[in-house]
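Input: a single structure, listed below in structure tokens.
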Amino acid sequence: MSWRPRVVDFDEAWNKLFSTIQAVITLEHIERATWNGCFSDMYALCVASPEPLGQRLYTETKIFLENHVRHLHKRVLESEGQVLVMYHRYWEEYSKGAGYVDCLGSCLQTNDHGGEDVNQKVIRGVIDSFVHIGQYEKTFSLQFYQYFFESPFLTETRNYYKQEASHLLQEFNCSQYMEKVLGRLKDEEVRCQKYLHESSYTKVIHAVQQRMVADHLQFFHAECHHFIRQEKTLDVANMYVLLRTVPEGLPPMIQELQDHIQDEGLRATSNLPQENMPASFVESVLEVHGRFVQLITTVLNGDHCFMSALDKALTSIINYREPKSVCKAPKLLAQHCDNLLKKSGKGMTKDELEDKLTSLITVFQYIDDKDVFRKFYTRKLAKRLIHGLSMSMDSEEAMIKKLKQTFGYGFTWNLHQMCSDMSISADLNKEFSNFIQNQDTVIDLGISFQISVLQAEAWPLTQAPPPMSAVPQELQKSVWTFELFYSQHFRGRKLSWLHDLSTGEVKMNYLGQPYVAVVATHQMAVLLAFTNSDTVSYKELQDSTQMSEKDLMRTIKSLLDVKIINHDSEKDIDSGSSLSLNMNFSSERTNFEITASVQKATPQEREQTRSAVDNDWKMHLQAAIVHIMKARKVLRHKALIREVIGQTRAKFNPTIGMIKECIEVLIDKQYMERSQESPDEYSYIA
């Protein structure tokens with residue numbers, strides 16, 4: 001056969017092709033020679049001269065197929081009770097025959113799939129026919145499927161599950177109903193995969209969710225309180241799975257869990273025993289945190305919305321304050337840290353201490369008044385370092401490192417400096433020892449003398465130390481020699497002696513056996529007054545120590561409490577009183593400490609800590625107000641309050657009263673003024 005274009009009689013060629021196409025579309029047997037001849041005839045028509053006849057061939061073929069489909073449609077309608085079966089049969093025949101017809105032009109092959117049962121195969125085949133009909137459309141291949149099948153199918157699905165939901169709600173409780181709904185959803189997923197085109201999967205599932213869940217949100221939300229309060233994990237998990245796919249389904253559930261956590265936390269942290277309250281408070285918070293993290297992780301798939309609710313609830317728990325009182329969490333947390341890091345840390349291993357310190361950071365993250373915690377923590381750290389009460393410097397530095405990693409260097413710079421001062425002081429003591437040994441005449445201090453030099457800006461020692469004009473004679477040489485040494489090494493620096501923070505060891509040789517007492521400097525001054533006499537008058541103590549009456553009375557009382565000295569009368573101590581050494585003193589320990597009563601934090605010190613924080617906050621608020629007003633120039637009162645709270649929230653939560661107080665201070669300082677047109681408006685004064 002020649003492949004060159006030639007003149008072709010279309011009617012003659014079409015008559016030959018028509019009988020072959022008719023046999024192909026009805027799957028009749030065709031001789032191979034006839035089949036091969038069709039390729040030649042179709043090629044000849046497509047390249048015919050003087051004008052190709054391919055378009056006319058396409059038109060005649062289309063007319064034939066349309067007439068054939070109308071004939072099949074009529075036969076399906078006449079089948080009465082076997083409509084689906086006959087439809088599927090003719091569709092299979094037609095689609096296979098159409099594929100063979102297509103082979104005549106494109107040489108494409110079709111695949112035949114089997115293995116399904118008759119009913120499933122028939123239904124799937126019918127549905128697939130709607131998809132295949134549009135597969136050659138260039139614009140939207142699923143339009144026929146969606147219009148003639150999917151849309152009415154979704155309508156029927158919605159109607160069915162609306163009735164199904166109504167029936168189930170009347171027959172079952174919420175827990176049982178959720179199980180039924182989950183079962184229906186699972187069944188629908190299986191049916192979708194068996195019968196429908198993949199584009200319909202989500203639409204069908206959404207229709208079921210809409211009728212069985214979204215239409216009954218009020219019912220679910222009413223039962224949510226009961227499930228969460230009783231922590232019925234299976235029901236909570238089922239409700240979460242159903243509500244998470246429905247708009248506005250989860251928020252009430254999230255709020256319910258937040259309220260439940262808050263109630264549980266406040267219950268756990270209220271009415272704590274006074275004994276070891278800091279540890280009880282921290283352990284109660286951690287128990288609530290761990291319990292609900294476990295619930296959210298295992299039951300609620302770790303959903304970040306529920307984790308956020310947990311954070312909000314714990315923030316409310318930890319920062320809760322009784323009416324007209326301050327939040328107790330910062331102080332309790334600082335005290336718990338102090339108890340853990342002291343030498344009396346109950347024999348914990350290094351790993352146990354590390355775990356407890358790490359857990360403290362979890363609690364600390366929820367504190368709003370972080371500056372208050374820092375003030376209390378700094379004071380307690382200072383006492384541990386100065387009095388040698390720390391379990392180890394490694395533990396102290398590990399805790400400071402955790403705080404730094406969580407809140408930045410600015411939060412811990414002074415804590416780092418305090419530890420550094422102790423390390424530097426150790427080296428300084430070695431240099432001082434070498435200094436007194438290397439003089440032309442070796443200096444004999446007569447006592448073992450160790451000092452700590454502290455940088456004033458890093459330590460919480462801003463208040464003026466109690467005056468002690470008369471340093472005990474036994475200490476005077478050591479003090480004078482160290483000042484000489486320090487002035488030669490550090491020119492321009494001035495030392496201020498903090499006698500109220502110093503301690504010393506006093507050996508008592510007047511008893512049957514020697515005792516060594518660790519005492520504060522003021523206690524030492526009083527005890528050394530008894531060196532040459534067993535009895536000393538109150539007036540003599542005043543003259544020798546030159547302490548204020550308040551400090552002297554406090555020191556004497558601390559020595560009376562441990563029965564090292566006696567008072568000659570049952571009356572209160574006054575200027576005419578006499579004090580004497582207790583010659584019958586005894587103790588189970590030969591080395592003991594009596595500084596605790598004078599080192600113990602007083603209510604005044606705690607008030608000073610709170611006052612210092614308030615002053616810091618007010619300075620921060622004033623700076624924020626000036627910064628805002630400088631940028632805005634003119635601002636109304638409520639807008640200023642909002643912006644100040646927004647700028648300071650990350651550091652602390654100021655009260656409206658404190659902000660108003662700072663505004664008044666800045667008006668008095670002439671940084672800003674009230675507008676003449678409106679008393680509710682402020683203007684910045686350049």
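Each chain in the structure tokens gets a letter, A, B and so on, in the order shown; residues start at 1 in every chain, and ligands are counted from 1 in the order they appear.
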Mind checking which residues fall within 8 Å of region 268-280 of chain A, counting only C-alpha atoms, ignoring those fewer than 5 positions away in the same chain, and posting them as a ChimeraX atom specification? /A:285,332-333,335-336
Separation of CA of Val506 (chain A) and CA of Ile447 (chain A), in Å?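 Distance reported for this atom pair: 10.6 Å.
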In Å, how far is it from CA of Ile645 (chain A) to CA of Ile625 (chain A)? 10.0 Å
Report the distance between CA of Glu352 (chain A) and CA of Lys402 (chain A) in Å, rounded to one decimal place.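 About the pair CA of Glu352 (chain A) and CA of Lys402 (chain A): they are 15.6 Å apart.
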If we count only C-alpha atoms, what is near Thr531 (chain A) at a cut-off of 10 Å, once residues fewer than 5 positions away on the same chain are taken out, given as a list in words?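 Here the qualifying residues turn out to be Met508, Tyr510 and Val526 of chain A.
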Please identify all polymer residues within 10 Å of Ser423 (chain A), counting only C-alpha atoms, omitting same-chain residues fewer than 6 positions from it, and present them as a PyMOL selection string. chain A and resi 393+417+452
Dump of N, CA and C atoms for the selected residues, as a PDB file, in the first residue's frame:
ATOM      1  N   MET A 393      29.423  24.912  94.776  1.00  0.00           N
ATOM      2  CA  MET A 393      29.386  25.990  93.786  1.00  0.00           C
ATOM      3  C   MET A 393      28.925  25.466  92.438  1.00  0.00           C
ATOM      4  N   GLN A 417      27.993  37.415  88.806  1.00  0.00           N
ATOM      5  CA  GLN A 417      29.021  38.236  89.433  1.00  0.00           C
ATOM      6  C   GLN A 417      29.228  37.849  90.898  1.00  0.00           C
ATOM      7  N   SER A 452      35.797  38.059 102.311  1.00  0.00           N
ATOM      8  CA  SER A 452      35.134  38.022 101.006  1.00  0.00           C
ATOM      9  C   SER A 452      34.920  39.463 100.578  1.00  0.00           C
TER      10      SER A 452
END
What parts of region 122-335 of chain A does DSSP call helix (DSSP H, G or I)? I'd like the answer as an MDAnalysis selection string. chainID A and resid 122:133 143:171 174:195 198:212 214:229 233:243 251:269 277:299 304:318 329:335
Show me, as a PyMOL selection string, the residues that have an atom within 12 Å of Leu286 (chain A) when counting only C-alpha atoms, minus same-chain residues fewer than 3 positions from it. chain A and resi 265+268-269+279-283+289-293+314+317-318+356+358-364+366
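Residue nearest Glu66 (chain A), chosen from A:Lys550, A:Tyr94, A:Val644, A:Val8 and counting only C-alpha atoms: A:Tyr94.
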Using only C-alpha atoms, which protein or nucleic acid residues come within 10 Å of Cys38 (chain A)? Drop anything in the same chain fewer than 6 positions from it, and give the result as a VMD selection string. chain A and resid 13 16 to 18 20 to 21 32 44 104 to 105
Next, write the just-selected residues to a file, as an mmCIF file, in the first residue's frame, keeping C-alpha atoms as the atom set.
data_model
loop_
_atom_site.group_PDB
_atom_site.id
_atom_site.type_symbol
_atom_site.label_atom_id
_atom_site.label_comp_id
_atom_site.auth_asym_id
_atom_site.auth_seq_id
_atom_site.Cartn_x
_atom_site.Cartn_y
_atom_site.Cartn_z
ATOM 1 C CA ALA A 13 -14.490 4.162 2.249
ATOM 2 C CA LYS A 16 -16.415 -0.290 4.455
ATOM 3 C CA LEU A 17 -15.421 1.278 7.796
ATOM 4 C CA PHE A 18 -19.015 1.528 9.100
ATOM 5 C CA THR A 20 -16.262 -2.742 10.927
ATOM 6 C CA ILE A 21 -16.906 -0.005 13.531
ATOM 7 C CA ARG A 32 -7.536 -9.809 11.301
ATOM 8 C CA ALA A 44 -6.118 7.215 3.460
ATOM 9 C CA LEU A 104 -8.090 2.363 15.159
ATOM 10 C CA GLY A 105 -6.917 5.951 15.425
#
